[in-house]
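S.K.: Next comes my_file09.txt, compact mmCIF, C-alpha atoms and all ligand atoms:
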# COMPACT_ATOMS: atom_id res chain seq x y z
CA MET A 260 103.80 58.48 92.66
CA GLU A 261 106.37 60.95 91.35
CA PRO A 262 106.09 64.60 92.38
CA ALA A 263 106.40 67.29 89.70
CA PHE A 264 108.98 69.12 91.85
CA ASN A 265 110.87 68.65 95.06
CA ILE A 266 111.72 71.57 97.28
CA SER A 267 114.60 70.76 99.59
CA SER A 268 114.45 67.16 100.75
CA VAL A 269 111.19 67.49 102.67
CA SER A 270 108.56 69.03 100.42
CA ALA A 271 107.06 67.66 97.20
CA VAL A 272 104.80 69.47 94.76
CA TYR A 273 102.24 67.39 92.83
CA ILE A 274 100.06 68.54 89.95
CA GLY A 275 96.97 66.43 89.35
CA SER A 276 93.51 65.48 90.54
CA ALA A 277 92.99 66.20 94.24
CA ALA A 278 90.21 63.61 94.55
CA GLU A 279 92.56 60.95 93.24
CA LEU A 280 95.88 61.96 94.79
CA LEU A 281 94.89 63.32 98.20
CA PRO A 282 94.02 59.98 99.82
CA ARG A 283 97.39 58.64 98.63
CA LEU A 284 99.39 61.59 99.92
CA LEU A 285 97.86 61.85 103.38
CA PRO A 286 99.52 59.82 106.11
CA GLN A 287 97.60 57.22 108.11
CA GLY A 288 95.99 58.60 111.24
CA ARG A 289 94.19 61.76 112.16
CA VAL A 290 93.85 64.59 109.64
CA VAL A 291 92.39 68.00 110.48
CA VAL A 292 91.49 70.24 107.54
CA ILE A 293 91.70 74.02 107.79
CA THR A 294 89.71 75.91 105.18
CA ASP A 295 87.29 78.83 104.76
CA ALA A 296 83.51 78.82 104.36
CA ALA A 297 83.54 79.46 100.59
CA VAL A 298 85.96 76.64 99.80
CA ASP A 299 84.15 74.35 102.23
CA ARG A 300 80.85 74.99 100.44
CA LEU A 301 82.34 74.42 96.98
CA TYR A 302 84.39 71.33 97.76
CA ARG A 303 82.38 69.59 100.47
CA PRO A 304 82.62 66.07 98.96
CA LEU A 305 86.42 66.33 98.72
CA LEU A 306 86.67 67.44 102.36
CA ALA A 307 83.90 65.23 103.76
CA PRO A 308 86.14 62.47 105.16
CA TYR A 309 88.05 64.84 107.46
CA GLU A 310 87.52 66.87 110.64
CA LYS A 311 87.34 70.53 109.68
CA VAL A 312 88.10 73.91 111.19
CA LEU A 313 87.00 77.05 109.32
CA ILE A 314 88.73 80.41 109.43
CA GLY A 315 87.53 83.80 108.16
CA ARG A 316 88.17 85.12 104.67
CA GLY A 317 90.23 88.06 103.51
CA GLU A 318 93.45 89.76 104.54
CA SER A 319 91.83 90.90 107.81
CA SER A 320 91.76 87.23 108.89
CA LYS A 321 95.49 86.74 108.33
CA THR A 322 96.36 87.67 111.91
CA LEU A 323 97.80 86.30 115.12
CA GLU A 324 94.24 86.44 116.53
CA THR A 325 93.12 83.88 113.94
CA VAL A 326 96.18 81.75 114.72
CA GLN A 327 95.25 81.90 118.40
CA THR A 328 91.68 80.84 117.57
CA LEU A 329 93.15 77.86 115.76
CA TYR A 330 95.39 76.94 118.70
CA ARG A 331 92.30 77.01 120.95
CA ARG A 332 90.35 74.79 118.56
CA PHE A 333 93.31 72.40 118.39
CA ILE A 334 93.31 72.15 122.20
CA GLU A 335 89.53 71.56 122.26
CA LEU A 336 89.86 68.87 119.58
CA GLY A 337 92.80 67.21 121.30
CA VAL A 338 95.12 67.77 118.32
CA ASP A 339 98.56 66.42 119.11
CA ARG A 340 101.89 65.93 117.39
CA ARG A 341 100.67 62.88 115.52
CA THR A 342 97.88 64.90 113.85
CA PHE A 343 98.36 65.95 110.23
CA ILE A 344 97.09 69.43 109.30
CA LEU A 345 95.77 69.87 105.76
CA ALA A 346 95.15 73.43 104.56
CA VAL A 347 92.72 73.69 101.64
CA GLY A 348 92.18 77.18 100.26
CA GLY A 349 93.81 80.34 98.97
CA GLY A 350 96.94 82.06 100.21
CA ILE A 351 95.19 83.35 103.33
CA VAL A 352 94.25 79.83 104.44
CA THR A 353 97.65 78.30 103.63
CA ASP A 354 99.57 81.17 105.28
CA VAL A 355 97.51 81.06 108.50
CA ALA A 356 97.25 77.27 108.68
CA GLY A 357 100.94 76.81 107.82
CA PHE A 358 101.94 79.25 110.56
CA ALA A 359 99.65 77.60 113.12
CA ALA A 360 100.81 74.08 112.17
CA ALA A 361 104.49 75.07 112.20
CA THR A 362 104.24 76.55 115.70
CA TYR A 363 101.56 74.54 117.57
CA MET A 364 103.33 72.13 119.94
CA ARG A 365 106.57 73.23 118.23
CA GLY A 366 105.40 71.98 114.91
CA LEU A 367 102.92 69.53 113.38
CA ARG A 368 103.24 67.92 109.96
CA PHE A 369 101.15 69.66 107.34
CA GLY A 370 100.24 69.71 103.64
CA PHE A 371 98.53 72.16 101.28
CA VAL A 372 95.87 71.91 98.61
CA PRO A 373 95.91 75.46 97.19
CA THR A 374 92.60 76.36 95.54
CA THR A 375 93.46 79.74 94.02
CA LEU A 376 95.78 80.32 91.07
CA LEU A 377 97.91 82.60 93.23
CA GLY A 378 98.03 79.91 95.88
CA GLN A 379 99.13 77.24 93.40
CA VAL A 380 101.92 79.20 91.74
CA ASP A 381 103.14 81.17 94.71
CA ALA A 382 101.65 81.25 98.22
CA SER A 383 101.65 77.51 98.91
CA VAL A 384 105.11 76.84 97.49
CA GLY A 385 108.35 77.57 99.29
CA GLY A 386 107.63 77.17 102.98
CA LYS A 387 107.04 80.78 104.01
CA ASN A 388 104.00 80.99 106.29
CA GLY A 389 103.24 84.46 107.57
CA VAL A 390 100.57 86.60 109.18
CA ASN A 391 100.09 90.36 109.28
CA VAL A 392 100.65 92.46 112.39
CA ASP A 393 98.83 95.80 112.72
CA GLY A 394 98.30 95.92 108.97
CA TYR A 395 101.99 95.28 108.21
CA LYS A 396 102.16 92.35 105.81
CA ASN A 397 103.70 89.04 106.87
CA MET A 398 105.49 90.48 109.90
CA ALA A 399 105.33 87.24 111.86
CA GLY A 400 105.99 83.90 110.28
CA THR A 401 108.12 80.83 109.81
CA PHE A 402 110.13 79.09 107.15
CA THR A 403 108.65 75.60 107.40
CA GLN A 404 108.02 73.42 104.36
CA PRO A 405 104.70 71.59 103.97
CA GLN A 406 105.21 67.87 103.39
CA PHE A 407 103.35 68.20 100.14
CA VAL A 408 101.61 70.74 97.96
CA LEU A 409 98.92 69.32 95.70
CA CYS A 410 97.85 71.60 92.84
CA ASP A 411 94.70 70.57 91.03
CA PRO A 412 93.96 72.96 88.13
CA ALA A 413 90.35 71.68 88.04
CA LEU A 414 89.75 73.35 91.43
CA LEU A 415 90.35 76.71 89.74
CA SER A 416 87.21 76.42 87.59
CA THR A 417 85.07 77.96 90.36
CA LEU A 418 87.45 80.86 90.97
CA PRO A 419 85.94 84.30 90.22
CA GLY A 420 87.61 86.02 87.24
CA ARG A 421 89.25 88.68 89.39
CA GLU A 422 90.87 86.07 91.66
CA PHE A 423 92.06 84.11 88.64
CA ARG A 424 93.67 87.23 87.20
CA ALA A 425 95.40 87.96 90.50
CA GLY A 426 97.27 84.65 90.12
CA LEU A 427 98.28 85.57 86.59
CA ALA A 428 100.20 88.55 88.00
CA GLU A 429 102.46 86.16 89.93
CA ILE A 430 102.86 83.98 86.83
CA VAL A 431 103.95 87.01 84.78
CA LYS A 432 106.29 87.92 87.65
CA ALA A 433 107.87 84.44 87.55
CA ALA A 434 108.29 84.70 83.77
CA VAL A 435 109.93 88.13 83.98
CA ILE A 436 112.31 86.90 86.69
CA ALA A 437 113.52 83.71 85.08
CA ASP A 438 111.53 82.23 82.19
CA ALA A 439 111.53 84.10 78.87
CA GLU A 440 109.86 81.12 77.18
CA LEU A 441 106.93 81.19 79.60
CA PHE A 442 106.63 84.95 79.00
CA ALA A 443 106.48 84.45 75.21
CA ARG A 444 103.93 81.68 75.66
CA LEU A 445 101.71 83.97 77.74
CA GLU A 446 101.95 86.66 75.06
CA GLY A 447 100.56 84.16 72.59
CA VAL A 448 97.47 83.06 74.53
CA MET A 449 94.17 84.69 75.35
CA LEU A 450 92.96 85.01 78.91
CA GLY A 451 89.87 82.96 78.00
CA ALA A 452 92.02 80.05 76.79
CA LEU A 453 93.85 79.91 80.12
CA ARG A 454 90.51 79.60 81.86
CA THR A 455 89.10 76.87 79.68
CA ASP A 456 92.09 74.82 78.51
CA THR A 457 93.10 72.71 81.53
CA THR A 458 96.17 71.27 79.78
CA LEU A 459 97.47 74.75 78.91
CA LEU A 460 96.71 75.96 82.43
CA SER A 461 98.51 72.97 83.99
CA GLU A 462 101.59 73.67 81.88
CA VAL A 463 101.63 77.36 82.73
CA VAL A 464 101.13 76.60 86.44
CA ALA A 465 103.94 74.02 86.31
CA ALA A 466 106.32 76.47 84.60
CA ALA A 467 105.66 79.16 87.21
CA ILE A 468 106.09 76.69 90.08
CA ARG A 469 109.37 75.53 88.52
CA VAL A 470 110.75 79.10 88.68
CA LYS A 471 109.88 79.36 92.36
CA ALA A 472 110.91 75.81 93.28
CA GLU A 473 114.34 76.20 91.69
CA ILE A 474 115.05 79.53 93.34
CA VAL A 475 113.79 78.34 96.75
CA GLY A 476 115.86 75.15 96.36
CA ARG A 477 118.99 77.31 96.12
CA ASP A 478 118.06 79.83 98.83
CA GLU A 479 115.36 78.54 101.16
CA ARG A 480 115.90 81.19 103.85
CA GLU A 481 115.91 84.22 101.55
CA ARG A 482 119.46 85.28 102.18
CA GLY A 483 120.04 86.26 98.55
CA GLU A 484 118.53 84.89 95.36
CA ARG A 485 115.07 84.20 96.81
CA ARG A 486 114.60 87.94 97.06
CA LYS A 487 114.13 87.90 93.27
CA LEU A 488 110.66 86.50 93.90
CA ASN A 489 109.78 89.87 95.41
CA LEU A 490 109.83 91.59 92.01
CA GLY A 491 107.24 94.37 92.17
CA HIS A 492 106.48 93.65 95.82
CA THR A 493 108.08 96.69 97.50
CA LEU A 494 105.47 98.95 95.91
CA ALA A 495 102.78 96.24 95.94
CA HIS A 496 102.96 96.02 99.73
CA ALA A 497 102.74 99.83 99.95
CA ILE A 498 99.67 99.74 97.67
CA GLU A 499 98.03 97.10 99.86
CA LYS A 500 98.77 99.21 102.94
CA CYS A 501 97.31 102.42 101.44
CA SER A 502 94.25 101.05 99.68
CA ASP A 503 91.95 98.10 100.01
CA ARG A 504 90.78 98.50 96.41
CA MET A 505 93.42 96.14 95.04
CA SER A 506 94.14 92.52 95.89
CA HIS A 507 97.69 91.28 96.43
CA GLY A 508 97.98 90.03 92.83
CA GLU A 509 96.57 93.23 91.36
CA ALA A 510 99.01 95.28 93.44
CA VAL A 511 101.90 93.08 92.24
CA ALA A 512 100.94 93.86 88.63
CA VAL A 513 101.11 97.61 89.35
CA GLY A 514 104.38 97.20 91.28
CA THR A 515 105.92 95.19 88.42
CA ALA A 516 104.97 97.80 85.81
CA LEU A 517 106.34 100.63 87.98
CA ILE A 518 109.66 98.92 88.67
CA ALA A 519 110.00 98.11 84.97
CA ASP A 520 109.64 101.86 84.25
CA ALA A 521 112.26 102.61 86.90
CA ALA A 522 114.61 100.00 85.44
CA VAL A 523 114.33 101.68 82.02
CA GLU A 524 115.12 105.07 83.63
CA MET A 525 118.20 103.49 85.24
CA GLY A 526 119.28 102.11 81.87
CA VAL A 527 119.25 98.45 83.00
CA LEU A 528 116.14 97.36 81.04
CA SER A 529 115.39 98.12 77.40
CA PRO A 530 112.27 100.18 76.66
CA ALA A 531 111.19 97.34 74.32
CA ASP A 532 111.19 94.77 77.15
CA ARG A 533 109.39 97.23 79.46
CA ASP A 534 106.77 97.70 76.76
CA ARG A 535 106.31 93.93 76.48
CA ILE A 536 105.81 93.62 80.25
CA VAL A 537 103.28 96.46 80.32
CA ALA A 538 101.49 95.13 77.21
CA LEU A 539 101.18 91.61 78.63
CA LEU A 540 99.85 92.83 81.97
CA GLY A 541 97.46 95.15 80.12
CA SER A 542 96.21 92.35 77.87
CA LEU A 543 95.46 90.26 80.94
CA GLY A 544 93.19 93.06 82.12
CA PHE A 545 95.30 94.63 84.85
CA GLU A 546 94.82 98.25 85.80
CA LEU A 547 98.41 99.53 85.98
CA ARG A 548 97.83 102.95 87.52
CA PRO A 549 98.44 102.95 91.27
CA PRO A 550 95.20 103.46 93.23
CA VAL A 551 96.81 106.27 95.27
CA GLU A 552 99.47 108.87 94.41
CA LEU A 553 102.97 107.52 93.94
CA LYS A 554 104.18 110.06 96.51
CA ARG A 555 102.03 108.38 99.15
CA LEU A 556 103.27 104.94 98.20
CA LEU A 557 106.89 106.07 98.53
CA LYS A 558 106.12 107.50 101.98
CA GLU A 559 104.72 104.08 102.90
CA VAL A 560 107.88 102.36 101.59
CA GLU A 561 109.87 104.61 103.93
CA LYS A 562 107.87 103.28 106.88
CA ASP A 563 108.26 99.67 105.66
CA LYS A 564 109.37 97.68 108.65
CA LYS A 565 111.07 95.19 106.37
CA SER A 566 113.80 97.56 105.17
CA GLU A 567 117.00 96.50 106.92
CA GLN A 568 118.26 99.69 108.63
CA GLY A 569 116.94 101.78 105.78
CA VAL A 570 118.23 99.44 103.06
CA LEU A 571 115.80 97.84 100.60
CA HIS A 572 116.53 94.86 98.39
CA VAL A 573 115.04 96.04 95.14
CA VAL A 574 114.50 93.58 92.29
CA LEU A 575 115.28 95.10 88.90
CA PRO A 576 114.33 93.37 85.66
CA LEU A 577 117.37 93.34 83.32
CA ARG A 578 115.60 91.66 80.40
CA ILE A 579 112.64 89.33 80.14
CA GLY A 580 113.75 86.18 81.96
CA ASP A 581 116.50 87.82 84.01
CA CYS A 582 116.68 90.17 86.96
CA GLU A 583 118.99 91.26 89.75
CA VAL A 584 118.61 92.23 93.39
CA ARG A 585 120.14 95.57 94.25
CA ALA A 586 120.55 96.94 97.78
CA MET A 587 119.39 100.55 97.88
CA THR A 588 118.69 103.10 100.54
CA VAL A 589 115.07 104.16 100.80
CA GLU A 590 116.24 107.57 99.52
CA GLU A 591 117.77 105.99 96.41
CA PHE A 592 114.58 104.01 95.83
CA ARG A 593 112.50 107.17 96.04
CA GLY A 594 114.89 108.80 93.57
CA LEU A 595 113.96 106.19 90.94
CA PHE A 596 110.48 107.66 90.80
CA ALA A 597 111.45 111.34 91.01
CA GLU A 598 109.37 112.28 87.97
P1 LIG B 1 92.63 84.40 99.28
O1 LIG B 1 93.27 83.36 100.07
O2 LIG B 1 92.03 85.58 100.00
O3 LIG B 1 91.51 83.74 98.36
C1 LIG B 1 90.70 84.57 97.56
C2 LIG B 1 89.22 84.26 97.71
O4 LIG B 1 88.90 83.18 96.86
C3 LIG B 1 88.78 83.87 99.11
O5 LIG B 1 87.66 84.62 99.41
C4 LIG B 1 88.45 82.38 99.00
O6 LIG B 1 87.40 82.01 99.83
C5 LIG B 1 88.09 82.23 97.56
N1 LIG B 1 88.43 80.94 96.97
C6 LIG B 1 89.52 80.17 97.21
N2 LIG B 1 89.53 79.11 96.41
C7 LIG B 1 88.43 79.19 95.63
C8 LIG B 1 87.91 78.39 94.58
N3 LIG B 1 88.56 77.31 94.12
N4 LIG B 1 86.75 78.78 94.00
C9 LIG B 1 86.10 79.90 94.40
N5 LIG B 1 86.56 80.70 95.38
C10 LIG B 1 87.71 80.36 95.98
O7 LIG B 1 93.64 85.06 98.22
P2 LIG B 1 94.93 84.49 97.49
O8 LIG B 1 95.15 85.43 96.37
O9 LIG B 1 94.87 83.06 97.24
O10 LIG B 1 96.10 84.70 98.58
C11 LIG B 1 96.53 85.98 98.97
C12 LIG B 1 97.45 85.86 100.14
O11 LIG B 1 98.56 85.03 99.83
C13 LIG B 1 98.02 87.18 100.61
O12 LIG B 1 97.85 87.32 101.99
C14 LIG B 1 99.50 87.08 100.27
O13 LIG B 1 100.31 87.83 101.15
C15 LIG B 1 99.73 85.60 100.43
N6 LIG B 1 100.93 85.12 99.74
C16 LIG B 1 101.79 84.34 100.46
C17 LIG B 1 102.96 83.86 99.87
C18 LIG B 1 103.89 82.97 100.65
O14 LIG B 1 104.99 82.69 100.14
N7 LIG B 1 103.52 82.51 101.80
C19 LIG B 1 103.24 84.20 98.53
C20 LIG B 1 102.32 84.99 97.82
C21 LIG B 1 101.16 85.44 98.44
Written as structure tokens, that's how I'd like the structure from this file.
Ligand code: NAD
M.R.:
Amino acid sequence: MEPAFNISSVSAVYIGSAAELLPRLLPQGRVVVITDAAVDRLYRPLLAPYEKVLIGRGESSKTLETVQTLYRRFIELGVDRRTFILAVGGGIVTDVAGFAAATYMRGLRFGFVPTTLLGQVDASVGGKNGVNVDGYKNMAGTFTQPQFVLCDPALLSTLPGREFRAGLAEIVKAAVIADAELFARLEGVMLGALRTDTTLLSEVVAAAIRVKAEIVGRDERERGERRKLNLGHTLAHAIEKCSDRMSHGEAVAVGTALIADAAVEMGVLSPADRDRIVALLGSLGFELRPPVELKRLLKEVEKDKKSEQGVLHVVLPLRIGDCEVRAMTVEEFRGLFAE
């Protein structure tokens, strides 16, 4: 069975039917599934053959406390280094389960079946597994690749519209970063078609994964190019910190539109390309006004624990399909939004 993509030598991404492929991808021996109650309810037959541990839903569950609960369950269940951990769910489940699997007994083997669009095109791919600390996003985590990621577009049919759209934000992000053809394709389709046409959806998912897989393949540890995948994320993380009205994907859409405006002000992006980015996000139904004042978001960026001694790595779109990472002081970043 040929994977669609390989990431480094250890991780393979498959696109296809989970019911068919999962039994072939799992190793012999004990498998423990980590999922949440909603996914468990929807996909019970798929998960029936395995032992299961449920975690809570939402960003408030993406914590070290949840990881510790998992460690305790693993001890109770007698999980050991021969056990294979399978995370089935959205980005919260794969982040928490990946972190727990990568650290329990110094690391168990694990695989992902992402069940949200955002999970398939972004969160499950690339080997970053993080949890939040005191509301600061992804402050503790590992770079550990899952053995496989299995993306089944059919699992997305039960996803609420808002969650589906959140994944589209990361697909648009991938297109702006490195795939002008994907961007043009998205401009030509209706949101409804993406939801109903599984072939179209599989192709779009595959194109977005390709962008991430190629970048991660060149810079697994985020020392340089991988930072491009953070387009729109500096402000998105500030939005998520200041307001719980927007999901991660929705905040990324706002962050992408704002940084495109800033890039036009700096003279590195043409107004025409900015307009295309804003129009595409708008046509997909994203609200592009930040939920709180920009001033407050910039204050939050200042407090961002991820700036390296006051320096941010800001991703600037240069044209559709190309971007660059520029090191800036927090002051310089604030200056981009002076108006
Ligand atoms: P999520 O994990 O919260 O899932 C959204 C909701 O959809 C949940 O309530 C879940 O129960 C439900 N759900 C999942 N699959 C479903 C299905 N098939 N049908 C119906 N409902 C379903 O949200 P998400 O958007 O998948 O992930 C967001 C998280 O991913 C954030 O914490 C973000 O930081 C993280 N993330 C991580 C990376 C990474 O590289 N590790 C990259 C991007 C995002």
S.K.: Identify, counting all atoms listed in the file, the protein, DNA and RNA residues located within 9 Å of ligand LIG 1 (chain B), and give them as a ChimeraX atom specification.
M.R.: /A:294-299,301-302,315-318,321,347-354,357,373-391,396-397,400,413-419,422-423,425-426,429,496,506-508
S.K.: Write a file of the just-selected residues containing C-alpha atoms, as a PDB file, keeping the file's coordinate frame.
M.R.:
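As a result, result_7.pdb now contains:
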ATOM      1  CA  THR A 294      89.710  75.910 105.180  1.00  0.00           C
ATOM      2  CA  ASP A 295      87.290  78.830 104.760  1.00  0.00           C
ATOM      3  CA  ALA A 296      83.510  78.820 104.360  1.00  0.00           C
ATOM      4  CA  ALA A 297      83.540  79.460 100.590  1.00  0.00           C
ATOM      5  CA  VAL A 298      85.960  76.640  99.800  1.00  0.00           C
ATOM      6  CA  ASP A 299      84.150  74.350 102.230  1.00  0.00           C
ATOM      7  CA  LEU A 301      82.340  74.420  96.980  1.00  0.00           C
ATOM      8  CA  TYR A 302      84.390  71.330  97.760  1.00  0.00           C
ATOM      9  CA  GLY A 315      87.530  83.800 108.160  1.00  0.00           C
ATOM     10  CA  ARG A 316      88.170  85.120 104.670  1.00  0.00           C
ATOM     11  CA  GLY A 317      90.230  88.060 103.510  1.00  0.00           C
ATOM     12  CA  GLU A 318      93.450  89.760 104.540  1.00  0.00           C
ATOM     13  CA  LYS A 321      95.490  86.740 108.330  1.00  0.00           C
ATOM     14  CA  VAL A 347      92.720  73.690 101.640  1.00  0.00           C
ATOM     15  CA  GLY A 348      92.180  77.180 100.260  1.00  0.00           C
ATOM     16  CA  GLY A 349      93.810  80.340  98.970  1.00  0.00           C
ATOM     17  CA  GLY A 350      96.940  82.060 100.210  1.00  0.00           C
ATOM     18  CA  ILE A 351      95.190  83.350 103.330  1.00  0.00           C
ATOM     19  CA  VAL A 352      94.250  79.830 104.440  1.00  0.00           C
ATOM     20  CA  THR A 353      97.650  78.300 103.630  1.00  0.00           C
ATOM     21  CA  ASP A 354      99.570  81.170 105.280  1.00  0.00           C
ATOM     22  CA  GLY A 357     100.940  76.810 107.820  1.00  0.00           C
ATOM     23  CA  PRO A 373      95.910  75.460  97.190  1.00  0.00           C
ATOM     24  CA  THR A 374      92.600  76.360  95.540  1.00  0.00           C
ATOM     25  CA  THR A 375      93.460  79.740  94.020  1.00  0.00           C
ATOM     26  CA  LEU A 376      95.780  80.320  91.070  1.00  0.00           C
ATOM     27  CA  LEU A 377      97.910  82.600  93.230  1.00  0.00           C
ATOM     28  CA  GLY A 378      98.030  79.910  95.880  1.00  0.00           C
ATOM     29  CA  GLN A 379      99.130  77.240  93.400  1.00  0.00           C
ATOM     30  CA  VAL A 380     101.920  79.200  91.740  1.00  0.00           C
ATOM     31  CA  ASP A 381     103.140  81.170  94.710  1.00  0.00           C
ATOM     32  CA  ALA A 382     101.650  81.250  98.220  1.00  0.00           C
ATOM     33  CA  SER A 383     101.650  77.510  98.910  1.00  0.00           C
ATOM     34  CA  VAL A 384     105.110  76.840  97.490  1.00  0.00           C
ATOM     35  CA  GLY A 385     108.350  77.570  99.290  1.00  0.00           C
ATOM     36  CA  GLY A 386     107.630  77.170 102.980  1.00  0.00           C
ATOM     37  CA  LYS A 387     107.040  80.780 104.010  1.00  0.00           C
ATOM     38  CA  ASN A 388     104.000  80.990 106.290  1.00  0.00           C
ATOM     39  CA  GLY A 389     103.240  84.460 107.570  1.00  0.00           C
ATOM     40  CA  VAL A 390     100.570  86.600 109.180  1.00  0.00           C
ATOM     41  CA  ASN A 391     100.090  90.360 109.280  1.00  0.00           C
ATOM     42  CA  LYS A 396     102.160  92.350 105.810  1.00  0.00           C
ATOM     43  CA  ASN A 397     103.700  89.040 106.870  1.00  0.00           C
ATOM     44  CA  GLY A 400     105.990  83.900 110.280  1.00  0.00           C
ATOM     45  CA  ALA A 413      90.350  71.680  88.040  1.00  0.00           C
ATOM     46  CA  LEU A 414      89.750  73.350  91.430  1.00  0.00           C
ATOM     47  CA  LEU A 415      90.350  76.710  89.740  1.00  0.00           C
ATOM     48  CA  SER A 416      87.210  76.420  87.590  1.00  0.00           C
ATOM     49  CA  THR A 417      85.070  77.960  90.360  1.00  0.00           C
ATOM     50  CA  LEU A 418      87.450  80.860  90.970  1.00  0.00           C
ATOM     51  CA  PRO A 419      85.940  84.300  90.220  1.00  0.00           C
ATOM     52  CA  GLU A 422      90.870  86.070  91.660  1.00  0.00           C
ATOM     53  CA  PHE A 423      92.060  84.110  88.640  1.00  0.00           C
ATOM     54  CA  ALA A 425      95.400  87.960  90.500  1.00  0.00           C
ATOM     55  CA  GLY A 426      97.270  84.650  90.120  1.00  0.00           C
ATOM     56  CA  GLU A 429     102.460  86.160  89.930  1.00  0.00           C
ATOM     57  CA  HIS A 496     102.960  96.020  99.730  1.00  0.00           C
ATOM     58  CA  SER A 506      94.140  92.520  95.890  1.00  0.00           C
ATOM     59  CA  HIS A 507      97.690  91.280  96.430  1.00  0.00           C
ATOM     60  CA  GLY A 508      97.980  90.030  92.830  1.00  0.00           C
TER      61      GLY A 508
END
S.K.: Rank nothing, just name the residue among A:Asp339, A:Asp393, A:Glu524, A:Glu479 nearest to Ser268 in chain A, using all atoms listed in the file.
M.R.: A:Glu479
S.K.: What is the distance between CA of Ala346 in chain A and CA of Phe371 in chain A, in Å to one decimal?
M.R.: 4.9 Å
S.K.: Go through A:Arg444, A:Lys558, A:Lys471, A:Arg341 and flag the residue nearest Leu494 in chain A, using all atoms listed in the file for the distances.
M.R.: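 Using all atoms listed in the file, Leu494 in chain A sits closest to A:Lys558.
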S.K.: I'd like to know which of A:Arg365, A:Ala356, A:Leu305, A:Arg331 is closest to Glu279 in chain A, using all atoms listed in the file.
M.R.: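 Smallest distance to Glu279 in chain A is found for A:Leu305.
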S.K.: Could you tell me which of A:Leu490, A:Val392, A:Met505, A:Val291 comes closest to His572 in chain A if we count all atoms listed in the file?
M.R.: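 Of A:Leu490, A:Val392, A:Met505, A:Val291, the one nearest His572 in chain A is A:Leu490, counting all atoms listed in the file.
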S.K.: Give me the residues of range 505-589 of chain A that have any atom at most 12 Å from an atom of range 480-484 of chain A; for each, the nearest atom pair and the distance in Å, rounded to one decimal. Use all atoms listed in the file, sort by chain and number, and format it as a tab-separated table.
M.R.:
residue	atom	partner	partner_atom	distance
A:His572	CA	A:Gly483	CA	9.3
A:Val573	CA	A:Gly483	CA	11.5
A:Val574	CA	A:Glu484	CA	10.1
A:Asp581	CA	A:Glu484	CA	11.9
A:Cys582	CA	A:Glu484	CA	10.1
A:Glu583	CA	A:Glu484	CA	8.5
A:Val584	CA	A:Glu484	CA	7.6
A:Arg585	CA	A:Gly483	CA	10.3
A:Ala586	CA	A:Gly483	CA	10.7
S.K.: Please complete range 536-544 of chain A with N, CA, C and O atoms and give it back as a short mmCIF file (atom, residue, chain, number, x, y, z; two decimals), in the coordinates of the input.
M.R.:
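Final output, rebuild34.cif:
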data_model
loop_
_atom_site.label_atom_id
_atom_site.label_comp_id
_atom_site.auth_asym_id
_atom_site.auth_seq_id
_atom_site.Cartn_x
_atom_site.Cartn_y
_atom_site.Cartn_z
N ILE A 536 106.36 93.93 78.91
CA ILE A 536 105.81 93.62 80.25
C ILE A 536 104.48 94.36 80.45
O ILE A 536 103.47 93.77 80.86
N VAL A 537 104.49 95.65 80.12
CA VAL A 537 103.28 96.46 80.32
C VAL A 537 102.16 95.95 79.41
O VAL A 537 101.00 95.83 79.83
N ALA A 538 102.52 95.60 78.16
CA ALA A 538 101.49 95.13 77.21
C ALA A 538 100.88 93.82 77.69
O ALA A 538 99.66 93.62 77.62
N LEU A 539 101.73 92.90 78.18
CA LEU A 539 101.18 91.61 78.63
C LEU A 539 100.26 91.81 79.83
O LEU A 539 99.13 91.28 79.86
N LEU A 540 100.71 92.60 80.80
CA LEU A 540 99.85 92.83 81.97
C LEU A 540 98.55 93.51 81.55
O LEU A 540 97.47 93.15 82.03
N GLY A 541 98.65 94.45 80.62
CA GLY A 541 97.46 95.15 80.12
C GLY A 541 96.51 94.18 79.42
O GLY A 541 95.30 94.21 79.64
N SER A 542 97.09 93.27 78.62
CA SER A 542 96.21 92.35 77.87
C SER A 542 95.52 91.36 78.80
O SER A 542 94.49 90.79 78.46
N LEU A 543 96.10 91.16 79.98
CA LEU A 543 95.46 90.26 80.94
C LEU A 543 94.42 91.01 81.78
O LEU A 543 93.81 90.44 82.69
N GLY A 544 94.27 92.29 81.49
CA GLY A 544 93.19 93.06 82.12
C GLY A 544 93.59 93.79 83.39
O GLY A 544 92.73 94.23 84.15
#
